[in-house]
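Undergrad: One structure follows; several queries about it will come next.
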Amino acid sequence: ATIAAIVNNLGSTLGACGDLNRNVMAPPAPFKNRPEYDLAWEYADNVAHLLRPQTGAYYEIWLDGEMAISAEPPQAVRDALSRNGNGTIVHEGEEPLYGDRYMPRKFKSSVTVVGDNSVDLFSQDLSLVVITDKKGKLQGFNIYAGGGLARTHGKDETYPRLADAICYVNAADVYDLVKAIVATQRDYGDRVNRRQARLKYLLADWGVEKFREQVSEYFGKKLTAPKELPPFKYEDFLGWHEQGDGKLFLGLSVQNGRVQDKGSWKLRSALREIVDRFDLPMRLTPHQNILFYEIAPEHRAEIDAILDRCNIKPVEAIDDLERRSMACPALPLCGLAVTEAERALPGILVRLRKQLKRIGLGNESFVIRMTGCPNGCARPYMAELGFVGQGPDAYQIWVGADPNQTRLAQALFERVKDAEIETTLEPIFVYFKRDRQTGESFGDFCDRVGLDALREFATSYTPPKRHERRRVRIQDEIYLRLKAASDASGKPMIDLASEALAQYLDRLESE
Ligand code: HEM
Ligand code: SF4
């Protein structure tokens, strides 16, 4: 009944956990004046149709044979499904692409646009990047393949890997190319050892050139080199934005994706009231957030008032550490979790912010992600600071990915207990503060200096002695001004007061 309810409400769990193509992600932004975004959605749907199992068994089992979903794929997708481009079709069973053995392992895909890495494209088995001409007309796609994150502690033969740029393909040929990549993994992926069965290991084993040759054999044509593209950027689309057709969209930050009411903080009630009042469509984002769109500008103030009444902070008031962070469900919801993530991260972020302020990095922010086991559901290996559950109350700490998720992190410390997170990270933050280049992010810094230097610095680091506390009485009014200045600047009060007094005393002495 649960699955029937999901399907009847226009969702689907078809193939959601199988060894086949699962979800196809697309950037969540509902821009109406940027045709490439519409194209990304259209092609994400079409690739999902192309790679969906053809069996009717799902509907027979869960819905008494009734197909609740009536959306038919476009003719181009149906033609591509039945085209046998050099062996992409197998003639066993009812599945032309999957045969009776499906894929060696799960397969995850995304479609995005040039410059937008909201889908973490390098972490996917297959990614398509929409390339248009200046007028927004579709030309073709850059194709990336062989990304994947899951690993197992203590087994070095398992590792996270970034997708490689494989080729550029014209729009007319894109479905045949996608089928050729799926067929290559279907026929050459490792079916003996499930730990080595993802496409990333085939690419690592063969190298990109050999992979291209095999894909090109199934494709029936030579592959074209990928196009040079500008860098990809992290996008979360939070806050109010113009949609491009006079209407607005609003991105709401949902910490770790958990929609609930808790005391006077009532996210769930706010979402329900907004939907009931304005009947707005919603999109879930790859960063565990929610976008409302198709909002008439005259409703903006009312929506803000609902959010304010439910104590939902506007995005500008959310700490950037929180805004950019993610945790997986872990305990108590996930049977594979070895420690906490969703429930632990919010407290850890508050502690880290306090620590950063103390070190003089109060305004600093970077991408932090945490998971309860090394499968990596919240993509911690793409974070500037990643916590990967390693045992009860213990984490492996990863650093060095870039703020835009185009470089992998590396494991820096093992089995760090929750209570030791601050002492373990203190030398790394101090080193960062001392030696960073102008504007350099935490992840870029860690990558530049390297794991050896970070570890060496940590080993030789002696924390500054806590100074003996001396008390000076000040007037209430000065205290309040000092506190306000400290909140505004992110500088601890002791630093501000010392600086101000030092300046004043210098002046007295020089007079
Ligand atoms: C609580 C139930 C969940 C379970 C049992 C689960 C299980 C797994 C497993 C076993 C893997 C490793 C795949 C491999 O070995 O190749 C994995 C990876 C992953 N999962 Fe989950 N997962 C869960 C929830 C989620 C959710 C809610 C999301 C996001 C919507 C998610 C996204 C991912 C991602 C991004 C990866 C890493 C990328 C990859 O290598 O596939 N998972 N998960
Ligand atoms: S990463 Fe988190 S959600 Fe994914 S399998 Fe591990 S504990 Fe479960």
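Within each chain, counting starts at residue 1; across the structure tokens, chains are named A, B, ... in the order shown, with ligands numbered 1 upward in that order.
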With 9 Å as the cut-off and only C-alpha atoms counted, what is the closest atom pair between each nearby residue of segment 383-419 of chain A and segment 445-449 of chain A? Distances in Å to one decimal, ordered by chain and number, as a Markdown table.
TA:
| residue | atom | partner | partner_atom | distance |
| --- | --- | --- | --- | --- |
| A:Glu384 | CA | A:Cys446 | CA | 8.4 |
| A:Val399 | CA | A:Cys446 | CA | 6.5 |
| A:Gly400 | CA | A:Asp447 | CA | 4.6 |
| A:Ala401 | CA | A:Asp447 | CA | 7.2 |
| A:Asp402 | CA | A:Asp447 | CA | 8.3 |
| A:Ala409 | CA | A:Asp447 | CA | 8.1 |
| A:Gln410 | CA | A:Asp447 | CA | 8.6 |
Undergrad: Mind listing the residues within 6 Å of ligand 1, only C-alpha atoms and all ligand atoms counted, as a PyMOL selection string?
TA: chain A and resi 148-150+329+333-334+336+375-379
Undergrad: With only C-alpha atoms and all ligand atoms counted, collect every polymer residue having an atom within 12 Å of ligand 2; state the result as JSON, numbers by chain.
TA: {"A": [149, 150, 151, 152, 153, 256, 326, 327, 328, 329, 330, 331, 332, 333, 334, 335, 336, 337, 338, 339, 340, 341, 342, 343, 369, 370, 371, 372, 373, 374, 375, 376, 377, 378, 379, 380, 381, 386, 387, 388, 389, 390, 391, 392, 395]}
Undergrad: Can you list, as an NGL selection string, every residue of segment 194-312 of chain A that DSSP puts in alpha helix (DSSP H)?
TA: :A and (199-206 or 208-219 or 267-278 or 300-309)
Undergrad: Looking only at the backbone, which of the residues in segment 119-218 of chain A does DSSP tag as strand (DSSP E), as a PyMOL selection string?
TA: chain A and resi 126-132+138-145+164-170
Undergrad: Only N, CA, C and O atoms, please: the residues just picked out, written as an mmCIF file, in the first residue's frame.
TA:
data_model
loop_
_atom_site.group_PDB
_atom_site.id
_atom_site.type_symbol
_atom_site.label_atom_id
_atom_site.label_comp_id
_atom_site.auth_asym_id
_atom_site.auth_seq_id
_atom_site.Cartn_x
_atom_site.Cartn_y
_atom_site.Cartn_z
ATOM 1 N N LEU A 126 27.426 8.558 -14.486
ATOM 2 C CA LEU A 126 27.270 9.167 -15.810
ATOM 3 C C LEU A 126 26.687 10.564 -15.662
ATOM 4 O O LEU A 126 25.677 10.734 -14.974
ATOM 5 N N SER A 127 27.335 11.561 -16.270
ATOM 6 C CA SER A 127 26.771 12.918 -16.262
ATOM 7 C C SER A 127 26.775 13.499 -17.660
ATOM 8 O O SER A 127 27.732 13.311 -18.423
ATOM 9 N N LEU A 128 25.711 14.216 -17.977
ATOM 10 C CA LEU A 128 25.595 14.892 -19.270
ATOM 11 C C LEU A 128 25.563 16.390 -18.993
ATOM 12 O O LEU A 128 24.842 16.827 -18.091
ATOM 13 N N VAL A 129 26.330 17.158 -19.748
ATOM 14 C CA VAL A 129 26.288 18.617 -19.579
ATOM 15 C C VAL A 129 25.732 19.239 -20.855
ATOM 16 O O VAL A 129 26.316 19.084 -21.939
ATOM 17 N N VAL A 130 24.599 19.920 -20.718
ATOM 18 C CA VAL A 130 23.916 20.532 -21.859
ATOM 19 C C VAL A 130 24.775 21.644 -22.452
ATOM 20 O O VAL A 130 25.214 22.540 -21.717
ATOM 21 N N ILE A 131 24.995 21.601 -23.754
ATOM 22 C CA ILE A 131 25.731 22.687 -24.409
ATOM 23 C C ILE A 131 24.829 23.289 -25.496
ATOM 24 O O ILE A 131 24.327 22.570 -26.362
ATOM 25 N N THR A 132 24.595 24.604 -25.377
ATOM 26 C CA THR A 132 23.701 25.273 -26.339
ATOM 27 C C THR A 132 24.493 26.300 -27.143
ATOM 28 O O THR A 132 25.625 26.641 -26.785
ATOM 29 N N LEU A 138 19.839 23.871 -28.377
ATOM 30 C CA LEU A 138 20.660 22.719 -27.992
ATOM 31 C C LEU A 138 21.597 22.290 -29.119
ATOM 32 O O LEU A 138 21.183 22.107 -30.257
ATOM 33 N N GLN A 139 22.893 22.130 -28.761
ATOM 34 C CA GLN A 139 23.871 21.614 -29.718
ATOM 35 C C GLN A 139 24.203 20.166 -29.390
ATOM 36 O O GLN A 139 24.184 19.303 -30.239
ATOM 37 N N GLY A 140 24.557 19.926 -28.158
ATOM 38 C CA GLY A 140 24.971 18.569 -27.778
ATOM 39 C C GLY A 140 25.322 18.528 -26.308
ATOM 40 O O GLY A 140 24.891 19.388 -25.531
ATOM 41 N N PHE A 141 26.139 17.531 -25.939
ATOM 42 C CA PHE A 141 26.446 17.323 -24.520
ATOM 43 C C PHE A 141 27.911 16.952 -24.337
ATOM 44 O O PHE A 141 28.451 16.198 -25.144
ATOM 45 N N ASN A 142 28.518 17.451 -23.272
ATOM 46 C CA ASN A 142 29.762 16.847 -22.799
ATOM 47 C C ASN A 142 29.369 15.671 -21.912
ATOM 48 O O ASN A 142 28.444 15.794 -21.103
ATOM 49 N N ILE A 143 30.100 14.564 -22.046
ATOM 50 C CA ILE A 143 29.743 13.359 -21.292
ATOM 51 C C ILE A 143 30.866 13.016 -20.314
ATOM 52 O O ILE A 143 32.040 12.972 -20.705
ATOM 53 N N TYR A 144 30.499 12.807 -19.064
ATOM 54 C CA TYR A 144 31.450 12.416 -18.019
ATOM 55 C C TYR A 144 31.038 11.037 -17.500
ATOM 56 O O TYR A 144 29.843 10.761 -17.376
ATOM 57 N N ALA A 145 32.003 10.178 -17.161
ATOM 58 C CA ALA A 145 31.627 8.851 -16.648
ATOM 59 C C ALA A 145 32.667 8.343 -15.659
ATOM 60 O O ALA A 145 33.836 8.737 -15.698
ATOM 61 N N ASP A 164 35.508 10.978 -15.232
ATOM 62 C CA ASP A 164 36.394 11.521 -16.274
ATOM 63 C C ASP A 164 35.555 12.114 -17.400
ATOM 64 O O ASP A 164 34.464 11.630 -17.700
ATOM 65 N N ALA A 165 36.112 13.143 -18.051
ATOM 66 C CA ALA A 165 35.461 13.658 -19.258
ATOM 67 C C ALA A 165 35.692 12.632 -20.367
ATOM 68 O O ALA A 165 36.835 12.269 -20.646
ATOM 69 N N ILE A 166 34.617 12.148 -20.981
ATOM 70 C CA ILE A 166 34.747 11.087 -21.983
ATOM 71 C C ILE A 166 34.691 11.652 -23.393
ATOM 72 O O ILE A 166 35.563 11.385 -24.214
ATOM 73 N N CYS A 167 33.670 12.441 -23.700
ATOM 74 C CA CYS A 167 33.532 12.929 -25.072
ATOM 75 C C CYS A 167 32.489 14.034 -25.155
ATOM 76 O O CYS A 167 31.824 14.345 -24.166
ATOM 77 N N TYR A 168 32.380 14.593 -26.359
ATOM 78 C CA TYR A 168 31.255 15.472 -26.694
ATOM 79 C C TYR A 168 30.374 14.690 -27.667
ATOM 80 O O TYR A 168 30.897 13.962 -28.517
ATOM 81 N N VAL A 169 29.070 14.830 -27.542
ATOM 82 C CA VAL A 169 28.192 14.134 -28.483
ATOM 83 C C VAL A 169 27.105 15.083 -28.963
ATOM 84 O O VAL A 169 26.588 15.905 -28.199
ATOM 85 N N ASN A 170 26.771 14.998 -30.263
ATOM 86 C CA ASN A 170 25.690 15.818 -30.804
ATOM 87 C C ASN A 170 24.360 15.382 -30.208
ATOM 88 O O ASN A 170 24.169 14.206 -29.911
#
Undergrad: If I take atom CA of Leu291 of chain A and atom CA of Ser253 of chain A, how far is one from the other in Å, to one decimal?
TA: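 If I compute the distance from atom CA of Leu291 of chain A to atom CA of Ser253 of chain A, I get 8.9 Å.
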Undergrad: Quick one: residues within 7 Å of Val430 of chain A, only C-alpha atoms counted, chain neighbours fewer than 4 positions away excluded, as a PyMOL selection string?
TA: chain A and resi 359+426+434
Undergrad: Find the distance between atom CA of Leu280 of chain A and atom CA of Pro314 of chain A and write it in Å to one decimal.
TA: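 Here the two named atoms are 18.9 Å from each other.
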Undergrad: If you count only C-alpha atoms, which residues fall within 7 Å of segment 265-273 of chain A, apart from same-chain ones fewer than 6 positions away, as a PyMOL selection string?
TA: chain A and resi 259+306-307+310-312
Undergrad: Name all residues at most 6 Å from segment 294-296 of chain A (count only C-alpha atoms; drop same-chain ones fewer than 4 positions away) and give them as a count of residues only.
TA: 3
Undergrad: Would you work out the distance separating atom CA of Ser486 of chain A from atom CA of Leu501 of chain A, expressed in Å to one decimal?
TA: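 About the pair atom CA of Ser486 of chain A and atom CA of Leu501 of chain A: they are 14.8 Å apart.
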Undergrad: Name the residues in contact with Pro403 of chain A at a cut-off of 12 Å, using only C-alpha atoms, excluding same-chain residues fewer than 2 positions from it; report them as a PyMOL selection string.
TA: chain A and resi 117-118+120+231-235+321+324-325+365-369+381-385+399-401+405-409+440-447
Undergrad: Restricting it to N, CA and C atoms, dump the selection as a short mmCIF file (atom, residue, chain, number, x, y, z; two decimals), in the first residue's frame.
TA:
data_model
loop_
_atom_site.label_atom_id
_atom_site.label_comp_id
_atom_site.auth_asym_id
_atom_site.auth_seq_id
_atom_site.Cartn_x
_atom_site.Cartn_y
_atom_site.Cartn_z
N ASN A 117 27.27 23.07 -10.83
CA ASN A 117 27.58 21.77 -10.23
C ASN A 117 26.65 21.45 -9.06
N SER A 118 25.41 21.91 -9.13
CA SER A 118 24.49 21.60 -8.02
C SER A 118 24.20 20.11 -7.95
N ASP A 120 26.54 17.70 -8.14
CA ASP A 120 27.78 16.95 -7.83
C ASP A 120 28.12 16.01 -8.99
N PRO A 231 34.80 26.68 -15.53
CA PRO A 231 34.73 25.85 -14.33
C PRO A 231 33.30 25.69 -13.80
N PHE A 232 33.07 24.58 -13.12
CA PHE A 232 31.77 24.34 -12.49
C PHE A 232 31.74 24.96 -11.10
N LYS A 233 30.55 25.42 -10.70
CA LYS A 233 30.42 26.06 -9.38
C LYS A 233 29.33 25.41 -8.54
N TYR A 234 29.56 25.39 -7.22
CA TYR A 234 28.53 24.97 -6.26
C TYR A 234 27.40 25.97 -6.32
N GLU A 235 26.17 25.49 -6.47
CA GLU A 235 25.00 26.38 -6.49
C GLU A 235 23.96 25.78 -5.55
N LEU A 321 28.34 27.92 7.55
CA LEU A 321 28.80 26.54 7.80
C LEU A 321 27.61 25.60 7.71
N ARG A 324 26.01 25.29 3.99
CA ARG A 324 26.74 24.49 3.01
C ARG A 324 26.98 23.06 3.48
N SER A 325 26.44 22.69 4.65
CA SER A 325 26.76 21.36 5.18
C SER A 325 25.68 20.34 4.86
N SER A 365 34.07 30.21 6.28
CA SER A 365 33.10 29.12 6.10
C SER A 365 33.59 28.18 5.02
N PHE A 366 33.26 26.91 5.16
CA PHE A 366 33.63 25.93 4.12
C PHE A 366 32.61 24.80 4.11
N VAL A 367 32.77 23.91 3.13
CA VAL A 367 31.79 22.83 2.94
C VAL A 367 32.12 21.68 3.88
N ILE A 368 31.17 21.35 4.79
CA ILE A 368 31.37 20.26 5.75
C ILE A 368 30.29 19.21 5.51
N ARG A 369 30.69 17.96 5.40
CA ARG A 369 29.70 16.89 5.20
C ARG A 369 30.04 15.71 6.10
N TYR A 381 33.26 12.81 0.64
CA TYR A 381 34.58 12.80 -0.03
C TYR A 381 34.72 13.97 -1.02
N MET A 382 33.62 14.74 -1.17
CA MET A 382 33.66 15.92 -2.03
C MET A 382 33.65 17.18 -1.18
N ALA A 383 33.84 17.04 0.16
CA ALA A 383 33.73 18.20 1.06
C ALA A 383 35.11 18.75 1.40
N GLU A 384 35.16 20.03 1.78
CA GLU A 384 36.44 20.61 2.22
C GLU A 384 36.84 20.01 3.56
N LEU A 385 35.81 19.63 4.37
CA LEU A 385 36.04 18.94 5.63
C LEU A 385 34.98 17.85 5.74
N VAL A 399 39.99 15.91 4.22
CA VAL A 399 40.13 17.34 3.87
C VAL A 399 40.62 17.47 2.43
N GLY A 400 40.47 18.69 1.88
CA GLY A 400 41.17 19.00 0.64
C GLY A 400 40.36 19.01 -0.62
N ALA A 401 39.04 18.72 -0.54
CA ALA A 401 38.25 18.94 -1.76
C ALA A 401 38.05 20.44 -1.91
N GLN A 405 33.29 21.28 -5.41
CA GLN A 405 33.17 19.82 -5.64
C GLN A 405 33.70 19.36 -7.00
N THR A 406 34.90 19.84 -7.33
CA THR A 406 35.51 19.34 -8.57
C THR A 406 36.81 18.58 -8.27
N ARG A 407 37.16 18.46 -6.98
CA ARG A 407 38.36 17.71 -6.60
C ARG A 407 38.01 16.85 -5.39
N LEU A 408 38.64 15.67 -5.29
CA LEU A 408 38.34 14.77 -4.17
C LEU A 408 39.10 15.19 -2.92
N ALA A 409 38.51 14.88 -1.76
CA ALA A 409 39.23 15.05 -0.50
C ALA A 409 40.12 13.82 -0.26
N GLU A 440 42.27 32.23 -0.17
CA GLU A 440 42.31 30.78 -0.38
C GLU A 440 41.31 30.08 0.55
N SER A 441 40.57 29.13 0.01
CA SER A 441 39.59 28.44 0.85
C SER A 441 40.28 27.34 1.66
N PHE A 442 39.59 26.85 2.70
CA PHE A 442 40.18 25.84 3.57
C PHE A 442 40.55 24.58 2.78
N GLY A 443 39.65 24.15 1.90
CA GLY A 443 39.91 22.94 1.11
C GLY A 443 41.11 23.13 0.17
N ASP A 444 41.16 24.29 -0.48
CA ASP A 444 42.27 24.55 -1.41
C ASP A 444 43.59 24.62 -0.65
N PHE A 445 43.55 25.22 0.55
CA PHE A 445 44.77 25.30 1.36
C PHE A 445 45.28 23.88 1.70
N CYS A 446 44.37 23.04 2.22
CA CYS A 446 44.78 21.68 2.62
C CYS A 446 45.35 20.93 1.43
N ASP A 447 44.74 21.12 0.27
CA ASP A 447 45.23 20.43 -0.92
C ASP A 447 46.61 20.95 -1.32
#
